[in-house]
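Source file: final-v4.txt. Holds: compact mmCIF, C-alpha atoms and all ligand atoms.
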# COMPACT_ATOMS: atom_id res chain seq x y z
CA MET M 20 -10.99 -43.95 0.64
CA ALA M 21 -10.07 -42.47 -2.77
CA LYS M 22 -8.14 -39.22 -2.58
CA LYS M 23 -10.06 -36.05 -3.47
CA ILE M 24 -8.82 -34.49 -6.71
CA THR M 25 -8.29 -30.75 -6.86
CA VAL M 26 -7.54 -28.66 -9.93
CA ILE M 27 -5.86 -25.41 -9.00
CA THR M 28 -5.31 -22.63 -11.53
CA GLY M 29 -2.42 -20.28 -10.76
CA GLY M 30 -0.89 -23.02 -8.60
CA ALA M 31 2.68 -21.98 -9.44
CA GLY M 32 2.16 -18.51 -8.00
CA PHE M 33 2.79 -17.18 -4.51
CA ILE M 34 -0.48 -18.16 -2.78
CA GLY M 35 -1.21 -21.04 -5.18
CA SER M 36 2.05 -22.88 -4.46
CA HIS M 37 1.44 -22.74 -0.69
CA LEU M 38 -2.11 -23.98 -1.23
CA CYS M 39 -0.87 -26.90 -3.41
CA GLU M 40 1.52 -27.85 -0.61
CA ARG M 41 -1.23 -27.72 2.00
CA LEU M 42 -3.62 -29.80 -0.10
CA LEU M 43 -0.97 -32.49 -0.66
CA ASN M 44 -0.32 -32.55 3.10
CA GLU M 45 -4.07 -32.97 3.67
CA GLY M 46 -4.13 -36.04 1.39
CA PHE M 47 -5.52 -34.49 -1.81
CA LYS M 48 -4.33 -35.14 -5.37
CA VAL M 49 -3.43 -31.83 -6.99
CA ILE M 50 -3.49 -30.88 -10.67
CA CYS M 51 -1.84 -27.49 -11.07
CA LEU M 52 -2.58 -25.42 -14.18
CA ASP M 53 -0.40 -22.36 -14.76
CA ASN M 54 1.01 -20.49 -17.76
CA LEU M 55 3.83 -19.09 -15.56
CA ILE M 56 3.12 -15.50 -16.61
CA THR M 57 3.79 -14.22 -13.07
CA GLY M 58 4.50 -17.52 -11.27
CA SER M 59 7.44 -19.90 -11.57
CA LEU M 60 8.37 -23.57 -11.53
CA GLU M 61 10.77 -22.75 -8.71
CA ASN M 62 7.74 -22.16 -6.44
CA ILE M 63 6.59 -25.76 -6.96
CA SER M 64 9.99 -27.43 -7.48
CA SER M 65 9.72 -29.39 -4.22
CA LEU M 66 6.24 -30.68 -5.22
CA LEU M 67 7.10 -31.90 -8.72
CA LYS M 68 8.45 -35.23 -7.46
CA ASP M 69 5.29 -35.98 -5.45
CA LYS M 70 3.22 -38.65 -7.26
CA ASN M 71 0.01 -36.90 -6.15
CA PHE M 72 1.06 -33.63 -7.82
CA HIS M 73 0.70 -33.00 -11.51
CA PHE M 74 1.73 -29.78 -13.27
CA ILE M 75 0.27 -28.77 -16.64
CA LYS M 76 1.52 -25.63 -18.35
CA HIS M 77 -1.72 -24.16 -19.62
CA ASP M 78 -3.27 -20.75 -20.20
CA VAL M 79 -6.71 -21.00 -18.61
CA THR M 80 -8.15 -18.37 -20.94
CA LYS M 81 -8.11 -21.34 -23.38
CA TYR M 82 -10.48 -24.30 -22.97
CA ILE M 83 -9.55 -26.55 -20.03
CA LYS M 84 -9.68 -30.30 -20.63
CA ILE M 85 -9.02 -32.66 -17.72
CA LYS M 86 -9.59 -36.42 -17.89
CA GLY M 87 -11.39 -38.23 -15.08
CA ARG M 88 -12.94 -37.13 -11.83
CA VAL M 89 -12.39 -33.69 -10.27
CA ASP M 90 -13.78 -32.83 -6.83
CA TYR M 91 -12.64 -29.22 -6.44
CA VAL M 92 -11.66 -26.42 -8.83
CA LEU M 93 -9.75 -23.60 -7.13
CA HIS M 94 -9.35 -20.62 -9.44
CA LEU M 95 -6.39 -18.47 -8.41
CA ALA M 96 -4.90 -17.65 -11.82
CA SER M 97 -4.48 -13.90 -12.30
CA PRO M 98 -1.70 -11.35 -12.14
CA ALA M 99 -2.12 -9.95 -8.62
CA SER M 100 0.46 -7.25 -7.95
CA PRO M 101 -0.40 -3.73 -9.17
CA GLN M 102 2.88 -3.60 -11.10
CA ASP M 103 2.02 -6.88 -12.88
CA TYR M 104 -1.54 -6.01 -13.76
CA LEU M 105 -0.59 -2.51 -14.91
CA LYS M 106 1.88 -4.17 -17.31
CA LEU M 107 -0.62 -6.92 -18.29
CA PRO M 108 -4.08 -5.29 -18.30
CA ILE M 109 -5.48 -7.35 -21.18
CA GLN M 110 -4.18 -10.69 -19.87
CA THR M 111 -5.63 -9.71 -16.47
CA LEU M 112 -9.06 -8.97 -17.93
CA LYS M 113 -8.95 -12.17 -20.00
CA VAL M 114 -8.03 -14.44 -17.10
CA GLY M 115 -10.71 -12.82 -14.92
CA SER M 116 -13.38 -13.24 -17.60
CA LEU M 117 -12.51 -16.09 -20.02
CA GLY M 118 -10.32 -17.87 -17.44
CA THR M 119 -13.07 -17.77 -14.81
CA HIS M 120 -15.65 -18.90 -17.37
CA ASN M 121 -13.49 -21.89 -18.39
CA SER M 122 -12.76 -22.80 -14.76
CA LEU M 123 -16.46 -22.66 -13.92
CA GLY M 124 -17.17 -24.76 -17.03
CA LEU M 125 -14.79 -27.41 -15.73
CA ALA M 126 -16.48 -27.35 -12.31
CA LYS M 127 -19.88 -27.70 -13.98
CA GLU M 128 -18.78 -30.62 -16.18
CA LYS M 129 -17.21 -32.45 -13.24
CA LYS M 130 -19.85 -31.46 -10.66
CA ALA M 131 -16.99 -30.11 -8.60
CA ILE M 132 -16.93 -27.51 -5.84
CA PHE M 133 -15.55 -24.19 -7.13
CA LEU M 134 -13.56 -21.57 -5.22
CA LEU M 135 -12.70 -18.15 -6.65
CA ALA M 136 -9.73 -16.14 -5.34
CA SER M 137 -11.26 -12.68 -5.40
CA THR M 138 -9.81 -9.61 -3.77
CA SER M 139 -10.33 -6.64 -1.49
CA GLU M 140 -9.87 -4.58 -4.68
CA VAL M 141 -13.55 -5.22 -5.46
CA TYR M 142 -14.12 -2.52 -2.81
CA GLY M 143 -11.88 -0.09 -4.79
CA ASP M 144 -11.00 3.02 -2.77
CA PRO M 145 -13.57 2.19 -0.10
CA LEU M 146 -16.01 4.68 1.40
CA VAL M 147 -16.98 2.21 4.12
CA HIS M 148 -14.43 1.28 6.77
CA PRO M 149 -13.66 -1.44 7.72
CA GLN M 150 -14.96 -3.25 4.65
CA THR M 151 -17.84 -5.67 5.19
CA GLU M 152 -18.92 -8.16 2.53
CA ASN M 153 -22.18 -6.29 1.91
CA TYR M 154 -20.37 -3.09 0.84
CA TRP M 155 -20.53 -2.78 -2.99
CA GLY M 156 -17.35 -0.78 -3.44
CA ASN M 157 -16.04 2.39 -5.05
CA VAL M 158 -14.17 1.39 -8.21
CA ASN M 159 -12.99 3.55 -11.11
CA PRO M 160 -13.72 1.22 -14.06
CA VAL M 161 -11.60 3.21 -16.52
CA GLY M 162 -8.65 3.95 -14.22
CA LEU M 163 -5.36 2.03 -14.32
CA ARG M 164 -6.43 -0.39 -11.58
CA GLY M 165 -9.79 -0.90 -13.33
CA ALA M 166 -8.47 -3.84 -15.39
CA TYR M 167 -7.83 -5.87 -12.24
CA ASP M 168 -10.74 -4.61 -10.14
CA GLU M 169 -13.34 -5.09 -12.86
CA SER M 170 -11.94 -8.49 -13.88
CA LYS M 171 -12.47 -9.68 -10.31
CA ARG M 172 -15.91 -8.06 -10.06
CA PHE M 173 -16.87 -9.86 -13.27
CA SER M 174 -15.39 -13.09 -11.85
CA GLU M 175 -17.60 -12.76 -8.78
CA ALA M 176 -20.69 -12.02 -10.91
CA ILE M 177 -20.22 -15.03 -13.21
CA THR M 178 -19.43 -17.26 -10.22
CA MET M 179 -22.74 -16.30 -8.58
CA ALA M 180 -24.54 -16.77 -11.94
CA TYR M 181 -23.16 -20.33 -12.21
CA HIS M 182 -24.22 -20.94 -8.64
CA ARG M 183 -27.74 -19.68 -9.26
CA VAL M 184 -28.32 -21.08 -12.75
CA HIS M 185 -26.26 -24.29 -12.76
CA ARG M 186 -26.41 -24.96 -9.00
CA ILE M 187 -22.63 -25.20 -8.72
CA ASP M 188 -21.41 -25.18 -5.12
CA THR M 189 -19.26 -22.02 -5.35
CA LYS M 190 -17.14 -20.11 -2.80
CA ILE M 191 -15.71 -16.61 -3.13
CA ALA M 192 -12.70 -15.55 -1.03
CA ARG M 193 -12.12 -11.79 -0.92
CA ILE M 194 -8.43 -11.89 -0.15
CA PHE M 195 -6.81 -8.84 1.49
CA ASN M 196 -3.07 -8.04 1.22
CA THR M 197 -1.15 -11.24 1.86
CA TYR M 198 2.63 -11.62 2.15
CA GLY M 199 5.31 -14.17 2.91
CA GLU M 200 7.84 -16.59 1.46
CA ARG M 201 7.91 -17.07 -2.35
CA MET M 202 6.76 -13.57 -3.29
CA ARG M 203 8.81 -12.38 -6.25
CA ILE M 204 11.34 -9.77 -5.21
CA ASP M 205 10.45 -7.75 -8.31
CA ASP M 206 6.66 -8.07 -8.16
CA GLY M 207 6.41 -4.48 -6.99
CA ARG M 208 4.21 -5.06 -3.93
CA VAL M 209 5.12 -3.07 -0.89
CA ILE M 210 6.48 -5.84 1.36
CA PRO M 211 8.93 -7.42 -1.15
CA ASN M 212 9.99 -3.92 -2.26
CA PHE M 213 10.68 -2.73 1.30
CA ILE M 214 12.43 -5.96 2.33
CA TYR M 215 14.65 -6.01 -0.75
CA GLN M 216 15.54 -2.35 -0.25
CA ALA M 217 16.18 -2.79 3.48
CA ILE M 218 18.43 -5.86 3.20
CA ASN M 219 20.44 -4.13 0.49
CA ASN M 220 20.64 -0.84 2.47
CA GLN M 221 18.88 1.04 -0.32
CA PRO M 222 16.29 3.78 0.36
CA LEU M 223 12.75 2.49 0.98
CA THR M 224 10.35 3.96 -1.60
CA VAL M 225 7.22 5.23 0.18
CA TYR M 226 4.52 6.32 -2.29
CA GLY M 227 2.67 9.52 -1.41
CA ARG M 228 3.12 10.55 2.23
CA GLY M 229 2.73 6.97 3.41
CA THR M 230 -0.40 7.77 5.40
CA GLN M 231 -2.47 5.29 3.36
CA THR M 232 -3.19 2.08 5.24
CA ARG M 233 -3.26 -1.63 4.50
CA SER M 234 -3.88 -4.71 6.66
CA PHE M 235 -1.33 -7.46 6.02
CA CYS M 236 -2.04 -11.17 6.40
CA TYR M 237 0.76 -13.73 6.69
CA ILE M 238 0.61 -16.57 4.15
CA SER M 239 0.05 -19.46 6.61
CA ASP M 240 -3.03 -17.70 8.00
CA MET M 241 -4.39 -17.09 4.48
CA ILE M 242 -3.91 -20.74 3.51
CA GLU M 243 -5.78 -21.86 6.62
CA GLY M 244 -8.65 -19.49 5.75
CA LEU M 245 -8.82 -20.65 2.12
CA PHE M 246 -8.73 -24.30 3.15
CA ARG M 247 -11.57 -23.82 5.65
CA LEU M 248 -13.61 -21.86 3.11
CA MET M 249 -13.16 -24.55 0.46
CA LEU M 250 -14.61 -27.15 2.87
CA SER M 251 -17.39 -24.87 4.13
CA LYS M 252 -21.01 -24.51 3.07
CA LEU M 253 -20.68 -20.75 2.37
CA ASN M 254 -21.65 -19.61 -1.13
CA GLU M 255 -21.58 -15.82 -0.60
CA PRO M 256 -18.27 -13.85 -0.58
CA VAL M 257 -16.13 -14.00 2.56
CA ASN M 258 -13.37 -11.54 3.54
CA LEU M 259 -10.09 -13.23 4.41
CA GLY M 260 -7.36 -10.99 5.78
CA ASN M 261 -5.75 -9.65 8.90
CA PRO M 262 -7.77 -6.80 10.42
CA PHE M 263 -4.67 -5.14 11.97
CA GLU M 264 -4.48 -1.85 10.03
CA PHE M 265 -1.09 -0.25 9.48
CA ARG M 266 0.17 2.94 7.77
CA ILE M 267 2.67 2.39 4.92
CA ILE M 268 5.15 4.85 6.47
CA ASP M 269 5.06 2.87 9.73
CA LEU M 270 5.59 -0.33 7.74
CA ALA M 271 8.75 1.24 6.25
CA TYR M 272 10.16 2.04 9.71
CA LEU M 273 9.19 -1.41 10.99
CA VAL M 274 10.94 -3.22 8.10
CA ILE M 275 14.09 -1.09 8.58
CA ARG M 276 14.14 -1.97 12.30
CA LEU M 277 13.44 -5.69 11.85
CA ALA M 278 15.99 -6.07 9.03
CA LYS M 279 18.56 -4.14 11.12
CA SER M 280 19.05 -1.95 8.06
CA LYS M 281 20.76 1.41 7.55
CA SER M 282 18.28 2.40 4.83
CA LYS M 283 16.63 5.83 4.70
CA ILE M 284 13.17 6.59 3.31
CA VAL M 285 12.43 8.39 0.02
CA PHE M 286 9.00 9.61 -1.02
CA LYS M 287 7.70 8.90 -4.54
CA LYS M 288 4.53 9.85 -6.41
CA LEU M 289 1.36 8.09 -5.23
CA PRO M 290 -0.01 5.82 -8.01
CA GLN M 291 -3.44 6.61 -9.53
CA ASP M 292 -6.47 5.41 -7.51
CA ASP M 293 -4.29 3.99 -4.73
CA PRO M 294 -6.84 3.14 -1.99
CA VAL M 295 -6.51 5.41 1.07
CA ARG M 296 -7.59 2.84 3.67
CA ARG M 297 -8.11 -0.88 3.67
CA LYS M 298 -9.10 -3.18 6.52
CA PRO M 299 -11.26 -6.29 6.42
CA ASP M 300 -14.21 -6.86 8.70
CA ILE M 301 -13.75 -10.60 9.33
CA THR M 302 -16.82 -11.18 11.51
CA LYS M 303 -18.24 -13.58 8.91
CA ALA M 304 -15.06 -15.69 8.63
CA LYS M 305 -14.77 -15.81 12.43
CA LYS M 306 -18.36 -16.93 12.82
CA PHE M 307 -18.72 -19.43 9.99
CA LEU M 308 -15.16 -20.68 9.45
CA LYS M 309 -13.97 -20.30 13.07
CA TRP M 310 -10.98 -18.60 11.47
CA GLU M 311 -8.88 -15.61 12.36
CA PRO M 312 -5.22 -14.79 11.72
CA LYS M 313 -2.70 -15.98 14.30
CA VAL M 314 0.60 -14.52 13.07
CA ASN M 315 1.20 -10.86 13.93
CA LEU M 316 2.90 -8.45 11.54
CA GLU M 317 6.29 -8.41 13.31
CA GLU M 318 6.50 -12.21 13.44
CA GLY M 319 5.40 -12.63 9.81
CA LEU M 320 7.83 -9.96 8.62
CA LEU M 321 10.69 -11.63 10.49
CA PHE M 322 9.96 -14.98 8.77
CA THR M 323 9.70 -13.22 5.40
CA ILE M 324 12.87 -11.12 5.85
CA ASP M 325 14.76 -14.25 6.80
CA TRP M 326 13.52 -16.08 3.71
CA PHE M 327 14.33 -13.16 1.40
CA LYS M 328 17.84 -12.91 2.90
CA ASN M 329 18.46 -16.60 2.17
CA ASN M 330 16.74 -16.80 -1.20
CA ARG M 331 16.46 -13.45 -2.90
CA LYS M 332 19.21 -11.11 -1.66
CA GLU M 333 21.22 -11.17 -4.88
CA ALA M 334 18.22 -10.65 -7.17
CA SER M 335 17.84 -7.20 -8.68
CA LEU M 336 14.68 -5.13 -8.75
P1 LIG P 1 0.86 -14.62 -8.31
O1 LIG P 1 1.08 -13.69 -9.46
O2 LIG P 1 2.04 -15.06 -7.53
O3 LIG P 1 0.09 -15.93 -8.79
C1 LIG P 1 -0.84 -15.93 -9.85
C2 LIG P 1 -0.57 -17.16 -10.71
O4 LIG P 1 -1.52 -17.20 -11.79
C3 LIG P 1 0.82 -17.13 -11.36
O5 LIG P 1 1.48 -18.35 -11.14
C4 LIG P 1 0.52 -16.91 -12.85
O6 LIG P 1 1.51 -17.45 -13.69
C5 LIG P 1 -0.84 -17.58 -12.98
N1 LIG P 1 -1.62 -17.12 -14.14
C6 LIG P 1 -1.94 -15.84 -14.49
N2 LIG P 1 -2.66 -15.83 -15.62
C7 LIG P 1 -2.83 -17.12 -16.00
C8 LIG P 1 -3.48 -17.77 -17.08
N3 LIG P 1 -4.11 -17.07 -18.04
N4 LIG P 1 -3.46 -19.12 -17.15
C9 LIG P 1 -2.82 -19.86 -16.20
N5 LIG P 1 -2.17 -19.31 -15.15
C10 LIG P 1 -2.17 -17.95 -15.06
O7 LIG P 1 -0.21 -13.91 -7.36
P2 LIG P 1 -0.74 -14.32 -5.91
O8 LIG P 1 -0.41 -13.22 -4.98
O9 LIG P 1 -0.34 -15.70 -5.59
O10 LIG P 1 -2.31 -14.27 -6.16
C11 LIG P 1 -3.07 -15.46 -6.37
C12 LIG P 1 -4.54 -15.09 -6.47
O11 LIG P 1 -4.98 -14.46 -5.26
C13 LIG P 1 -4.86 -14.12 -7.62
O12 LIG P 1 -6.10 -14.50 -8.20
C14 LIG P 1 -5.01 -12.80 -6.90
O13 LIG P 1 -5.85 -11.92 -7.59
C15 LIG P 1 -5.57 -13.21 -5.54
N6 LIG P 1 -5.23 -12.23 -4.51
C16 LIG P 1 -3.96 -12.14 -3.99
C17 LIG P 1 -3.69 -11.18 -3.01
C18 LIG P 1 -2.33 -11.06 -2.38
O14 LIG P 1 -2.15 -10.18 -1.51
N7 LIG P 1 -1.34 -11.87 -2.68
C19 LIG P 1 -4.69 -10.29 -2.60
C20 LIG P 1 -5.94 -10.39 -3.18
C21 LIG P 1 -6.21 -11.37 -4.12
N1 LIG P 2 3.75 1.21 -1.84
C1 LIG P 2 4.80 2.02 -1.41
N2 LIG P 2 6.05 1.73 -1.84
C2 LIG P 2 6.34 0.68 -2.66
C3 LIG P 2 5.27 -0.16 -3.08
C4 LIG P 2 3.98 0.15 -2.66
O1 LIG P 2 4.60 2.99 -0.66
O2 LIG P 2 7.54 0.49 -2.99
C5 LIG P 2 2.38 1.49 -1.34
C6 LIG P 2 1.30 1.54 -2.41
O3 LIG P 2 1.19 2.85 -2.95
C7 LIG P 2 0.07 1.15 -1.62
C8 LIG P 2 0.61 0.19 -0.55
O4 LIG P 2 2.01 0.41 -0.49
O5 LIG P 2 -0.47 2.27 -0.96
C9 LIG P 2 0.35 -1.28 -0.87
O6 LIG P 2 0.79 -1.50 -2.20
P1 LIG P 2 0.84 -2.94 -2.88
O7 LIG P 2 1.37 -2.74 -4.25
O8 LIG P 2 1.56 -3.88 -2.00
O9 LIG P 2 -0.66 -3.47 -2.94
P2 LIG P 2 -2.11 -2.78 -3.07
O10 LIG P 2 -2.68 -2.91 -1.71
O11 LIG P 2 -1.98 -1.33 -3.46
O12 LIG P 2 -2.78 -3.60 -4.08
Would you encode the structure as structure tokens?
Amino acid sequence: MAKKITVITGGAGFIGSHLCERLLNEGFKVICLDNLITGSLENISSLLKDKNFHFIKHDVTKYIKIKGRVDYVLHLASPASPQDYLKLPIQTLKVGSLGTHNSLGLAKEKKAIFLLASTSEVYGDPLVHPQTENYWGNVNPVGLRGAYDESKRFSEAITMAYHRVHRIDTKIARIFNTYGERMRIDDGRVIPNFIYQAINNQPLTVYGRGTQTRSFCYISDMIEGLFRLMLSKLNEPVNLGNPFEFRIIDLAYLVIRLAKSKSKIVFKKLPQDDPVRRKPDITKAKKFLKWEPKVNLEEGLLFTIDWFKNNRKEASL
């Protein structure tokens, strides 16, 4: 049987590169489009020699032209860490709007199945806890995080419009905080920051009092969820994340202990609109995808610390 052909935007990023690897292992052909604005060729260096993997350096806010058949379009391109999207608000809004429009256009032309990597940020600073897919969110459109949050809310809206008007088979993954190997040490997200600081015996920077919570999902669990969603019949948004909720201050102590570090903790100003609590309700994913995370936070952090020690220790923040 002919191999299924998948186009993946943002495939040279953290989640994208793991998804490319998984798709190749599952027997797919993969065409990876990335402009490398926050990703890197290093993330996909082991895939470049695979004859079923093809990398094209392309900015998906520009028209996407692919020859031949395409069975799936997976749209992951977007700066994702708060530090990145605060530095790149216009690129973030453009990739969420023009980039999503172009990716949907490709799916329409090829009659391909489309998957959007959306985010828990569509819930903003949520007033409903844990967050269920039918909660509409509490987003400040003109705040600093607005560029990212609104770009993803627009992405979801245009994806549903293409589903309703053009009958595209679309999927929307609302991804909650995900971590693991290949995150950039300088991407500013809490886990790479804390691990880098801990393995270099520098103070861990806790923003605010550290009482805000997040729920962290290890990368292999996220890839399994995305893969199942892509093959599913679900067209409405689905939360993917680990429902184990953890305070940021406790995460700091945990990373110090697991890295066997001598680091202390310092408190810094809490960024604007930083959500107070975040935890996915994954009832829908459990029921329809038969999916739930398997790797607990300690295990996942140990894998990640080990990888950062071997690959990123010398890098500077
Ligand atoms: P990442 O920054 O590592 O990867 C994003 C990739 O998109 C990068 O390789 C970047 O170069 C590429 N890109 C950005 N703009 C582009 C453009 N205009 N054209 C082509 N490529 C472009 O981030 P990630 O953590 O891997 O996130 C991947 C996706 O998952 C993003 O859409 C993000 O919003 C979503 N997501 C991630 C998380 C998480 O915790 N990691 C949480 C929620 C949602
Ligand atoms: N954070 C922190 N110290 C850091 C980086 C982040 O205390 O060095 C906090 C941040 O304020 C937020 C949480 O950790 O409350 C998660 O931040 P991250 O940037 O990883 O992602 P977010 O969930 O905010 O998008």
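Atom pair atom CA of M:Val49 / atom CA of M:Lys70: separated by 9.5 Å.
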ask   = Can I get the residues close to ligand LIG 2 (chain P) as number ranges by chain, where close means within 10 Å and we count all atoms listed in the file?
value = M: 99-103, 138-140, 143, 164, 167, 195-198, 206-216, 222-235, 266-268, 270-271, 285-297
Where does chain M meet ligand LIG 1 (chain P) within 8 Å, residue by residue, with the nearest atom pair and distance in Å to one decimal for each, counting only C-alpha atoms and all ligand atoms, listed by chain and rising number, as a tab-separated table?
residue	atom	partner	partner_atom	distance
M:Thr28	CA	P:LIG1	N5	5.8
M:Gly29	CA	P:LIG1	O4	3.4
M:Gly30	CA	P:LIG1	O5	5.8
M:Ala31	CA	P:LIG1	O5	4.2
M:Gly32	CA	P:LIG1	O5	3.2
M:Phe33	CA	P:LIG1	O9	3.6
M:Ile34	CA	P:LIG1	O9	3.7
M:Gly35	CA	P:LIG1	O9	5.4
M:Ser36	CA	P:LIG1	O9	7.7
M:Leu52	CA	P:LIG1	C9	5.9
M:Asp53	CA	P:LIG1	N5	3.5
M:Asn54	CA	P:LIG1	C9	4.2
M:Leu55	CA	P:LIG1	O6	3.4
M:Ile56	CA	P:LIG1	O6	3.9
M:Thr57	CA	P:LIG1	O6	4.0
M:Gly58	CA	P:LIG1	O5	3.1
M:Ser59	CA	P:LIG1	O5	6.2
M:Lys76	CA	P:LIG1	C9	7.5
M:His77	CA	P:LIG1	C9	5.6
M:Asp78	CA	P:LIG1	N4	3.5
M:Val79	CA	P:LIG1	N4	4.0
M:Thr80	CA	P:LIG1	N3	5.1
M:Lys81	CA	P:LIG1	N3	7.9
M:His94	CA	P:LIG1	O12	7.0
M:Leu95	CA	P:LIG1	O12	4.0
M:Ala96	CA	P:LIG1	O4	3.4
M:Ser97	CA	P:LIG1	C6	3.9
M:Pro98	CA	P:LIG1	O1	4.5
M:Ala99	CA	P:LIG1	O13	4.3
M:Ser100	CA	P:LIG1	O1	6.6
M:Asp103	CA	P:LIG1	O1	7.7
M:Gln110	CA	P:LIG1	N3	6.6
M:Thr111	CA	P:LIG1	N2	6.9
M:Lys113	CA	P:LIG1	N3	7.2
M:Val114	CA	P:LIG1	N3	4.8
M:Gly118	CA	P:LIG1	N3	6.3
M:Leu135	CA	P:LIG1	O12	7.7
M:Ala136	CA	P:LIG1	O12	4.9
M:Ser137	CA	P:LIG1	C21	5.4
M:Thr138	CA	P:LIG1	C20	4.0
M:Ser139	CA	P:LIG1	C20	6.0
M:Glu140	CA	P:LIG1	C20	7.2
M:Tyr167	CA	P:LIG1	O13	7.9
M:Lys171	CA	P:LIG1	O13	7.5
M:Arg193	CA	P:LIG1	C20	6.7
M:Ile194	CA	P:LIG1	C20	4.2
M:Phe195	CA	P:LIG1	C19	4.8
M:Asn196	CA	P:LIG1	O14	3.6
M:Thr197	CA	P:LIG1	O14	3.7
M:Tyr198	CA	P:LIG1	O14	6.2
M:Met202	CA	P:LIG1	O2	6.5
M:Arg203	CA	P:LIG1	O2	7.4
M:Cys236	CA	P:LIG1	O14	8.0
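Considering all atoms listed in the file, the residue among M:Pro145, M:Ala126, M:Ile85, M:Val161 positioned nearest to M:Tyr181 is M:Ala126.
When all atoms listed in the file are used to measure the gap to M:Gly165, the shortest distance among M:Asn121, M:Ile301, M:Asn254, M:Tyr104 belongs to M:Tyr104.
Interatomic distance, atom CA of M:Asn315 against atom CA of M:Leu134: 26.4 Å.
Relative to atom CA of M:Tyr91, atom CA of M:Phe74 is found at 15.9 Å.
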note = Nearest to M:Cys39, restricted to all atoms listed in the file and choosing among M:Tyr237, M:Tyr154, M:Phe173, M:Phe246, comes out as M:Phe246
key: Nearest residue to M:Cys51 from the set M:Ile187, M:Leu253, M:Val92, M:Val314 (distances using all atoms listed in the file)   = M:Val92
inquiry  = I'd like to know which of M:Ile218, M:Leu146, M:Met249, M:Leu308 is closest to M:Ser282, using all atoms listed in the file.
reply    = M:Ile218
Once 6 Å is added on each side, what are the centre and the three edge lengths, in Å to one decimal, of the axis-aligned box enclosing the listed atoms of stretch 83-91 of chain M? Present them as AutoDock Vina command-line options.
--center_x -11.4 --center_y -32.4 --center_z -13.5 --size_x 16.8 --size_y 23.7 --size_z 26.2
